[in-house]
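Undergrad: See query-v4.txt below, with compact mmCIF, C-alpha atoms.
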# COMPACT_ATOMS: atom_id res chain seq x y z
CA THR U 1 61.00 5.06 30.75
CA VAL U 2 58.81 4.67 33.82
CA LYS U 3 57.49 8.22 33.50
CA ARG U 4 56.56 7.84 29.81
CA VAL U 5 54.71 4.58 30.39
CA GLY U 6 52.81 6.10 33.30
CA VAL U 7 51.85 9.22 31.31
CA PHE U 8 50.75 7.13 28.32
CA ALA U 9 48.61 4.80 30.46
CA LEU U 10 47.05 7.72 32.32
CA SER U 11 46.33 9.51 29.02
CA LEU U 12 44.69 6.38 27.64
CA LEU U 13 42.58 6.20 30.79
CA VAL U 14 41.43 9.83 30.82
CA LEU U 15 41.48 11.34 27.31
CA PRO U 16 39.15 8.91 25.45
CA TYR U 17 36.56 9.34 28.20
CA LEU U 18 36.50 13.16 28.17
CA PRO U 19 34.18 13.59 25.11
CA ALA U 20 31.56 11.37 26.80
CA SER U 21 32.01 12.76 30.30
CA ASN U 22 29.32 15.51 30.06
CA LEU U 23 31.97 18.03 31.21
CA PHE U 24 32.05 20.01 27.96
CA PHE U 25 28.63 19.30 26.42
CA PRO U 26 25.63 17.01 27.18
CA VAL U 27 25.80 13.59 25.52
CA GLY U 28 22.47 12.14 26.61
CA PHE U 29 23.68 9.57 29.13
CA VAL U 30 25.60 9.42 32.39
CA VAL U 31 27.44 6.10 32.21
CA ALA U 32 27.70 3.67 29.29
CA GLU U 33 29.98 0.67 29.00
CA ARG U 34 30.69 1.39 25.35
CA VAL U 35 32.68 4.53 26.25
CA LEU U 36 34.88 2.67 28.72
CA TYR U 37 36.65 0.27 26.35
CA LEU U 38 39.68 2.47 25.64
CA PRO U 39 39.87 3.89 29.18
CA SER U 40 39.85 0.32 30.53
CA MET U 41 42.98 -0.37 28.47
CA GLY U 42 44.69 2.53 30.23
CA PHE U 43 43.51 1.21 33.60
CA CYS U 44 44.84 -2.30 32.87
CA MET U 45 48.13 -0.84 31.71
CA LEU U 46 48.48 1.18 34.92
CA VAL U 47 47.71 -1.86 37.09
CA GLY U 48 50.05 -4.10 35.12
CA PHE U 49 52.87 -1.59 35.07
CA GLY U 50 52.45 -0.86 38.79
CA ALA U 51 52.45 -4.58 39.61
CA TRP U 52 55.58 -5.12 37.50
CA GLN U 53 57.35 -2.35 39.41
CA MET U 54 56.37 -3.87 42.75
CA LEU U 55 57.37 -7.39 41.71
CA ARG U 56 60.86 -6.07 40.95
CA ASN U 57 61.17 -5.11 44.61
CA ARG U 58 63.70 -7.37 46.31
CA ARG U 59 61.75 -7.55 49.54
CA LYS U 60 59.90 -10.87 49.60
CA LEU U 61 56.97 -9.49 51.60
CA VAL U 62 56.25 -6.84 48.98
CA SER U 63 56.59 -9.37 46.15
CA LYS U 64 54.27 -11.89 47.79
CA SER U 65 51.73 -9.21 48.69
CA THR U 66 51.72 -8.00 45.07
CA LYS U 67 51.11 -11.52 43.75
CA CYS U 68 48.22 -12.02 46.18
CA LEU U 69 46.75 -8.67 45.18
CA LEU U 70 47.01 -9.51 41.47
CA ILE U 71 45.35 -12.90 41.95
CA SER U 72 42.58 -11.27 43.97
CA LEU U 73 42.03 -8.66 41.26
CA LEU U 74 41.88 -11.32 38.54
CA VAL U 75 39.35 -13.40 40.49
CA PHE U 76 37.26 -10.31 41.32
CA TYR U 77 37.11 -8.99 37.76
CA ALA U 78 36.55 -12.47 36.27
CA ALA U 79 33.52 -12.91 38.55
CA LYS U 80 32.29 -9.39 37.78
CA THR U 81 32.66 -10.01 34.04
CA GLN U 82 30.67 -13.24 34.32
CA LEU U 83 27.86 -11.46 36.17
CA GLN U 84 27.86 -8.54 33.73
CA ASN U 85 27.68 -10.90 30.75
CA ARG U 86 24.26 -12.02 32.00
CA VAL U 87 23.04 -8.43 31.74
CA TRP U 88 23.76 -8.50 28.00
CA MET U 89 21.77 -11.69 27.33
CA SER U 90 18.82 -9.61 26.09
CA GLU U 91 17.67 -6.01 25.82
CA ARG U 92 15.17 -6.64 28.58
CA ASP U 93 17.88 -7.86 30.96
CA LEU U 94 20.03 -4.87 30.04
CA TYR U 95 17.30 -2.33 30.84
CA VAL U 96 16.27 -4.13 34.05
CA SER U 97 19.89 -3.85 35.19
CA ALA U 98 20.02 -0.18 34.15
CA VAL U 99 16.83 0.64 36.07
CA ARG U 100 18.22 -1.02 39.17
CA SER U 101 21.50 0.87 38.86
CA TYR U 102 19.97 4.24 37.91
CA PRO U 103 16.33 4.26 39.14
CA THR U 104 15.81 7.94 38.32
CA ASN U 105 16.89 7.59 34.67
CA SER U 106 13.64 8.11 32.73
CA LYS U 107 15.13 6.83 29.47
CA MET U 108 15.82 3.41 30.99
CA TRP U 109 12.24 3.12 32.30
CA HIS U 110 10.98 3.99 28.83
CA ASN U 111 13.29 1.52 27.09
CA LEU U 112 12.21 -1.25 29.45
CA GLY U 113 8.57 -0.41 28.81
CA THR U 114 9.03 -0.95 25.06
CA GLN U 115 10.26 -4.54 25.48
CA LEU U 116 6.90 -6.14 24.67
CA GLU U 117 8.58 -8.85 22.60
CA GLY U 118 11.05 -9.46 25.42
CA GLY U 119 8.44 -10.66 27.90
CA ILE U 120 7.01 -7.38 29.20
CA THR U 121 3.19 -7.50 29.33
CA LEU U 122 0.99 -4.63 28.16
CA GLU U 123 -0.02 -3.88 31.75
CA GLN U 124 3.61 -3.84 32.88
CA SER U 125 4.47 -1.58 29.94
CA VAL U 126 1.82 0.92 31.03
CA TRP U 127 3.24 1.00 34.57
CA LEU U 128 6.81 1.41 33.28
CA MET U 129 5.87 4.21 30.87
CA ARG U 130 4.04 6.07 33.62
CA ARG U 131 7.05 5.63 35.87
CA CYS U 132 9.19 7.18 33.12
CA ILE U 133 6.81 10.14 32.87
CA GLU U 134 6.99 10.65 36.64
CA TYR U 135 10.74 11.23 36.33
CA ASP U 136 10.49 13.26 33.12
CA PRO U 137 7.06 14.85 32.43
CA GLN U 138 8.41 16.25 29.13
CA TYR U 139 9.34 12.85 27.64
CA ILE U 140 7.37 12.93 24.37
CA ALA U 141 8.21 9.40 23.20
CA ALA U 142 6.97 7.96 26.50
CA TYR U 143 3.54 9.60 26.09
CA SER U 144 3.39 8.46 22.47
CA ASP U 145 4.34 4.85 23.22
CA LEU U 146 2.02 4.78 26.24
CA GLY U 147 -0.80 5.85 23.94
CA VAL U 148 -0.10 2.90 21.64
CA VAL U 149 -0.09 0.42 24.54
CA LEU U 150 -3.33 1.85 25.97
CA THR U 151 -4.91 1.51 22.50
CA ARG U 152 -3.92 -2.16 22.42
CA LEU U 153 -5.55 -2.55 25.85
CA ASN U 154 -8.70 -0.97 24.37
CA GLU U 155 -8.45 1.99 26.76
CA LYS U 156 -9.09 4.36 23.88
CA GLU U 157 -10.21 7.40 25.83
CA GLU U 158 -7.08 7.34 27.99
CA ALA U 159 -4.94 6.60 24.92
CA GLU U 160 -6.32 9.68 23.14
CA LYS U 161 -5.58 11.91 26.13
CA THR U 162 -2.04 10.59 26.30
CA LEU U 163 -1.37 11.07 22.59
CA ASN U 164 -2.83 14.57 22.74
CA LYS U 165 -0.41 15.34 25.57
CA ALA U 166 2.47 14.13 23.37
CA ILE U 167 1.30 16.41 20.55
CA GLU U 168 0.95 19.33 22.98
CA LEU U 169 4.59 18.85 24.02
CA ILE U 170 5.66 18.63 20.36
CA GLU U 171 3.94 21.93 19.59
CA GLU U 172 5.70 23.52 22.57
CA GLN U 173 9.02 22.31 21.20
CA PHE U 174 8.31 23.76 17.75
CA ALA U 175 7.42 27.08 19.38
CA SER U 176 10.74 27.21 21.23
CA PRO U 177 13.86 28.79 19.65
CA THR U 178 15.77 25.49 19.82
CA PRO U 179 13.36 22.56 19.43
CA HIS U 180 14.64 19.13 20.49
CA LEU U 181 12.61 16.53 18.62
CA SER U 182 13.28 13.14 17.05
CA GLN U 183 11.53 11.52 14.10
CA ARG U 184 9.95 9.09 16.53
CA ASP U 185 8.31 11.97 18.42
CA ILE U 186 6.46 13.12 15.29
CA LEU U 187 4.81 9.70 15.01
CA ALA U 188 2.43 10.79 17.79
CA TYR U 189 0.36 12.57 15.10
CA ILE U 190 -0.26 9.46 13.02
CA ARG U 191 -0.76 7.30 16.11
CA LEU U 192 -3.60 9.56 17.15
CA SER U 193 -4.88 9.54 13.57
CA SER U 194 -4.87 5.74 13.57
CA LEU U 195 -6.84 5.74 16.82
CA ILE U 196 -9.60 8.16 15.78
CA LYS U 197 -10.02 7.24 12.10
CA THR U 198 -12.26 4.30 13.05
CA ASN U 199 -14.87 6.96 13.86
CA HIS U 200 -15.93 8.21 10.42
CA THR U 201 -17.10 11.53 11.82
CA ARG U 202 -13.52 12.25 12.89
CA LEU U 203 -11.83 11.43 9.58
CA PRO U 204 -11.24 15.13 8.73
CA GLU U 205 -9.48 15.52 12.09
CA ALA U 206 -7.38 12.43 11.36
CA LEU U 207 -6.43 13.86 7.97
CA ARG U 208 -5.35 17.17 9.57
CA LEU U 209 -3.09 15.24 11.92
CA CYS U 210 -1.55 13.38 8.97
CA LYS U 211 -0.99 16.58 7.01
CA THR U 212 0.74 18.14 10.01
CA ALA U 213 2.95 15.06 10.30
CA ILE U 214 3.80 15.30 6.58
CA GLU U 215 4.83 18.94 6.97
CA ARG U 216 7.28 17.93 9.68
CA LEU U 217 8.31 14.51 8.38
CA PRO U 218 7.67 14.55 4.60
CA ASP U 219 9.66 11.47 3.62
CA ASP U 220 8.62 9.04 6.34
CA PHE U 221 7.06 5.82 5.06
CA ARG U 222 4.74 5.45 8.06
CA VAL U 223 3.36 8.98 7.74
CA LEU U 224 2.68 8.58 4.01
CA ARG U 225 1.01 5.19 4.53
CA GLU U 226 -1.27 6.50 7.27
CA THR U 227 -2.25 9.53 5.17
CA GLY U 228 -3.16 7.28 2.25
CA HIS U 229 -5.14 5.00 4.56
CA VAL U 230 -7.15 7.92 5.99
CA LEU U 231 -7.92 9.26 2.50
CA LEU U 232 -9.06 5.78 1.48
CA HIS U 233 -11.44 5.73 4.48
CA MET U 234 -12.73 9.13 3.35
CA GLY U 235 -13.59 7.76 -0.09
CA LYS U 236 -10.80 9.66 -1.86
CA PRO U 237 -8.89 6.89 -3.67
CA THR U 238 -7.26 9.22 -6.22
CA GLU U 239 -5.59 11.27 -3.49
CA ALA U 240 -4.86 8.17 -1.44
CA LYS U 241 -3.01 6.62 -4.38
CA VAL U 242 -0.53 9.53 -4.50
CA TYR U 243 0.58 9.02 -0.89
CA LEU U 244 0.56 5.23 -1.04
CA GLN U 245 2.73 5.22 -4.17
CA LYS U 246 5.24 7.48 -2.42
CA ALA U 247 5.21 5.11 0.55
CA LEU U 248 5.75 2.14 -1.77
CA GLU U 249 8.76 3.85 -3.37
CA LEU U 250 10.32 4.19 0.09
CA LYS U 251 9.53 0.63 1.16
CA PRO U 252 8.48 -1.60 -1.78
CA SER U 253 8.59 -4.85 0.21
CA GLU U 254 6.13 -3.77 2.92
CA PRO U 255 3.00 -6.00 2.64
CA ASN U 256 0.46 -3.59 4.12
CA VAL U 257 1.18 -0.71 1.75
CA ASN U 258 0.96 -3.10 -1.23
CA TYR U 259 -2.40 -4.25 0.10
CA LEU U 260 -3.69 -0.69 0.61
CA LEU U 261 -2.55 0.28 -2.86
CA GLY U 262 -4.40 -2.77 -4.21
CA VAL U 263 -7.59 -1.69 -2.44
CA THR U 264 -7.14 1.82 -3.84
CA GLU U 265 -6.67 0.55 -7.39
CA GLY U 266 -9.80 -1.57 -6.94
CA GLU U 267 -11.76 1.51 -5.88
CA LEU U 268 -10.51 3.28 -9.00
CA GLY U 269 -11.57 0.37 -11.22
CA ASN U 270 -8.04 -0.74 -12.11
CA LEU U 271 -8.78 -4.37 -11.26
CA ASP U 272 -5.75 -5.96 -12.93
CA VAL U 273 -3.39 -3.65 -11.05
CA ALA U 274 -5.35 -4.22 -7.84
CA GLU U 275 -5.00 -8.00 -8.20
CA ARG U 276 -1.24 -7.76 -8.73
CA SER U 277 -0.77 -5.49 -5.71
CA ILE U 278 -2.75 -7.72 -3.36
CA ARG U 279 -1.05 -10.89 -4.60
CA ARG U 280 2.27 -9.19 -4.02
CA ALA U 281 1.20 -8.26 -0.48
CA MET U 282 0.32 -11.91 0.15
CA SER U 283 3.63 -13.14 -1.25
CA LEU U 284 5.62 -10.80 0.99
CA GLY U 285 4.47 -12.59 4.12
CA PRO U 286 0.99 -11.57 5.21
CA GLY U 287 1.23 -13.10 8.67
CA SER U 288 -1.89 -12.48 10.72
CA ASN U 289 -3.39 -10.35 7.90
CA VAL U 290 -3.70 -13.33 5.55
CA GLN U 291 -7.51 -13.49 5.83
CA VAL U 292 -7.90 -9.75 5.20
CA TYR U 293 -5.73 -9.92 2.09
CA ALA U 294 -7.46 -13.06 0.82
CA THR U 295 -10.92 -11.54 1.29
CA GLU U 296 -9.98 -8.43 -0.68
CA LEU U 297 -8.40 -10.55 -3.42
CA ALA U 298 -11.61 -12.60 -3.64
CA ASN U 299 -13.64 -9.40 -3.96
CA ILE U 300 -11.43 -8.21 -6.81
CA LEU U 301 -11.63 -11.57 -8.58
CA ARG U 302 -15.44 -11.59 -8.28
CA LYS U 303 -15.61 -8.12 -9.84
CA MET U 304 -13.55 -9.53 -12.71
CA GLY U 305 -16.02 -12.41 -13.11
CA ARG U 306 -13.56 -15.06 -11.86
CA ARG U 307 -15.73 -16.56 -9.13
CA GLU U 308 -14.07 -19.98 -9.02
CA GLU U 309 -10.66 -18.40 -8.50
CA ALA U 310 -12.14 -16.18 -5.80
CA GLU U 311 -13.50 -19.17 -3.86
CA ALA U 312 -10.21 -21.04 -4.31
CA ALA U 313 -8.24 -18.07 -2.99
CA LEU U 314 -10.45 -17.90 0.11
CA ALA U 315 -10.21 -21.64 0.74
CA GLN U 316 -6.44 -21.76 0.25
CA ASN U 317 -5.75 -18.82 2.50
CA SER U 318 -8.17 -20.07 5.15
CA LEU U 319 -5.92 -23.14 5.39
CA SER U 320 -2.82 -20.92 5.49
CA HIS U 321 -4.39 -18.87 8.26
CA ASN U 322 -5.03 -22.00 10.33
CA ASN U 323 -1.43 -23.12 9.80
CA TRP U 324 -0.17 -19.68 10.83
CA ASN U 325 -2.11 -19.86 14.06
Could the structure of this file be written out as structure tokens, please?

TA:
Amino acid sequence: TVKRVGVFALSLLVLPYLPASNLFFPVGFVVAERVLYLPSMGFCMLVGFGAWQMLRNRRKLVSKSTKCLLISLLVFYAAKTQLQNRVWMSERDLYVSAVRSYPTNSKMWHNLGTQLEGGITLEQSVWLMRRCIEYDPQYIAAYSDLGVVLTRLNEKEEAEKTLNKAIELIEEQFASPTPHLSQRDILAYIRLSSLIKTNHTRLPEALRLCKTAIERLPDDFRVLRETGHVLLHMGKPTEAKVYLQKALELKPSEPNVNYLLGVTEGELGNLDVAERSIRRAMSLGPGSNVQVYATELANILRKMGRREEAEAALAQNSLSHNNWN
């Protein structure tokens, strides 16, 4: 019946949207296309059913007006769909559109600022992250990511301040009765550790940061790798090996952890194991680290008395490095 169809279409329009409407509990966003698929079916059904009812009207004026309205709607939504499809061409385009539509949404500014591979420059990323922080001064991930970008721009003093601010906000969250933190937030500890460990006098501080991160994120590959790396810098290969092996168990195909484990084994005098680890790192796709890996492999081979192989490894990987670039 007419009533049943109308109720069903209206239910399909309203009910699927209710859980994402923020009426009953916060869901973390205001509007998202992904929650409108089912409601749009209800909307189309209402429009189609209403048009069908009007087309049944025997008055020609009503019938013609309905046809014109339907054609206009089809043209309008076809054009709108075509324009909206462009927004989904890339993540960068999506977030640019979101920022234009919702300029006070800090999350969208942050997401746009992370699109370094999508054409955003480091300088633009800094501006976008700071814009995000203006709208939400408690946005931990924005401070953390801003610190990384500032480090890449060699603005290390500013980067350290920013990462310390992220850690300060994390500590505040842990002190609250209901902390709201993501795994990504905790990475601020190891990002600061990575920044300061180049200063050997600050290695103990870097290690404390890593240990804090491990307490709060014990099974994260990145935290374990950074802890092992810091211990290696401190001249503690035995302890470093424990963390690097745990990291390798979590992600055995990661080149850098294989390399670090190889360096650690070399420090411990296990040269055969060191050679295998570094060769494995090189086989997994060393990318821009090819020269670093090759140099360490040559050092290991020289310690083993295999000087000709060491020189060959350097020469071969020098050619690979040139091809990579």

Undergrad: Under the rule that all atoms listed in the file are counted, which of U:Ser101, U:Ser193, U:Asn258, U:Ser253 is the nearest residue to Leu231 in chain U?

TA: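 The answer is U:Ser193, which sits nearest to Leu231 in chain U.
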
Undergrad: What lies within 10 Å of Asp272 in chain U using only C-alpha atoms, ignoring chain neighbours under 6 positions off, as a compact mmCIF listing (two decimals) with C-alpha atoms, keeping the file's coordinate frame?

TA:
# COMPACT_ATOMS: atom_id res chain seq x y z
CA GLY U 262 -4.40 -2.77 -4.21
CA GLU U 265 -6.67 0.55 -7.39
CA GLY U 266 -9.80 -1.57 -6.94
CA ILE U 300 -11.43 -8.21 -6.81
CA LEU U 301 -11.63 -11.57 -8.58
CA MET U 304 -13.55 -9.53 -12.71

Undergrad: Which neighbours of His110 in chain U fall inside 12 Å, counting all atoms listed in the file, when residues of the same chain fewer than 2 positions from it are skipped, and could you give them as a ChimeraX atom specification?

TA: /U:92,95-96,98-99,103-108,112-116,124-136,139-146

Undergrad: Looking at U:Glu168, U:Glu267, U:Glu226, U:Asp219, which one is nearest to Glu249 in chain U, with distances taken over only C-alpha atoms?

TA: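 The shortest atom-to-atom distance to Glu249 in chain U comes from U:Asp219.
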
Undergrad: Within 10 Å of range 281-295 of chain U, which residues of range 208-262 of chain U come that close, and what is the closest atom pair and distance in Å for each? Count all atoms listed in the file and give it as JSON lines.

TA:
{"residue": "U:Pro252", "atom": "CA", "partner": "U:Ala281", "partner_atom": "CA", "distance": 10.0}
{"residue": "U:Ser253", "atom": "CA", "partner": "U:Leu284", "partner_atom": "CA", "distance": 6.7}
{"residue": "U:Glu254", "atom": "CA", "partner": "U:Leu284", "partner_atom": "CA", "distance": 7.3}
{"residue": "U:Pro255", "atom": "CA", "partner": "U:Ala281", "partner_atom": "CA", "distance": 4.3}
{"residue": "U:Asn256", "atom": "CA", "partner": "U:Ala281", "partner_atom": "CA", "distance": 6.6}
{"residue": "U:Val257", "atom": "CA", "partner": "U:Ala281", "partner_atom": "CA", "distance": 7.9}
{"residue": "U:Asn258", "atom": "CA", "partner": "U:Ala281", "partner_atom": "CA", "distance": 5.2}
{"residue": "U:Tyr259", "atom": "CA", "partner": "U:Ala281", "partner_atom": "CA", "distance": 5.4}
{"residue": "U:Leu260", "atom": "CA", "partner": "U:Ala281", "partner_atom": "CA", "distance": 9.1}
{"residue": "U:Leu261", "atom": "CA", "partner": "U:Ala281", "partner_atom": "CA", "distance": 9.6}
{"residue": "U:Gly262", "atom": "CA", "partner": "U:Ala281", "partner_atom": "CA", "distance": 8.7}

Undergrad: I'd like the interatomic distance between CA of Leu203 in chain U and CA of Lys236 in chain U, to a tenth of an Å.

TA: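 Atom-to-atom, CA of Leu203 in chain U and CA of Lys236 in chain U are spaced 11.6 Å apart.
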
Undergrad: Out of U:Leu217, U:Leu83, U:Leu150, U:Met41, which residue has the shortest atom-to-atom distance to Leu122 in chain U when counting all atoms listed in the file?

TA: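 With all atoms listed in the file as the atom set, the closest residue is U:Leu150.
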
Undergrad: Between CA of Gly118 in chain U and CA of Lys80 in chain U, measure the distance and give it in Å to one decimal.

TA: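 CA of Lys80 in chain U lies 24.6 Å from CA of Gly118 in chain U.
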
Undergrad: Rounded to one decimal, what separation in Å do you get between CA of Ile120 in chain U and CA of Ala159 in chain U?

TA: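 Atom-to-atom, CA of Ile120 in chain U and CA of Ala159 in chain U are spaced 18.9 Å apart.
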
Undergrad: Compare U:Ile170, U:Gln84, U:Leu195, U:Leu69 by their minimum atom-to-atom distance to Asn154 in chain U, counting all atoms listed in the file, and give me the closest one.

TA: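 Ranking U:Ile170, U:Gln84, U:Leu195, U:Leu69 by distance to Asn154 in chain U, first place goes to U:Leu195.
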
Undergrad: Please, which residues in range 69-155 of chain U fall within 12 Å of range 47-50 of chain U when counting all atoms listed in the file, and what is the closest atom pair and distance in Å to one decimal for each, ordered by chain then residue number, as CSV?

TA:
residue,atom,partner,partner_atom,distance
U:Leu69,CA,U:Val47,CA,10.6
U:Leu70,CA,U:Val47,CA,8.8
U:Leu73,CA,U:Val47,CA,9.8
U:Leu74,CA,U:Val47,CA,11.2
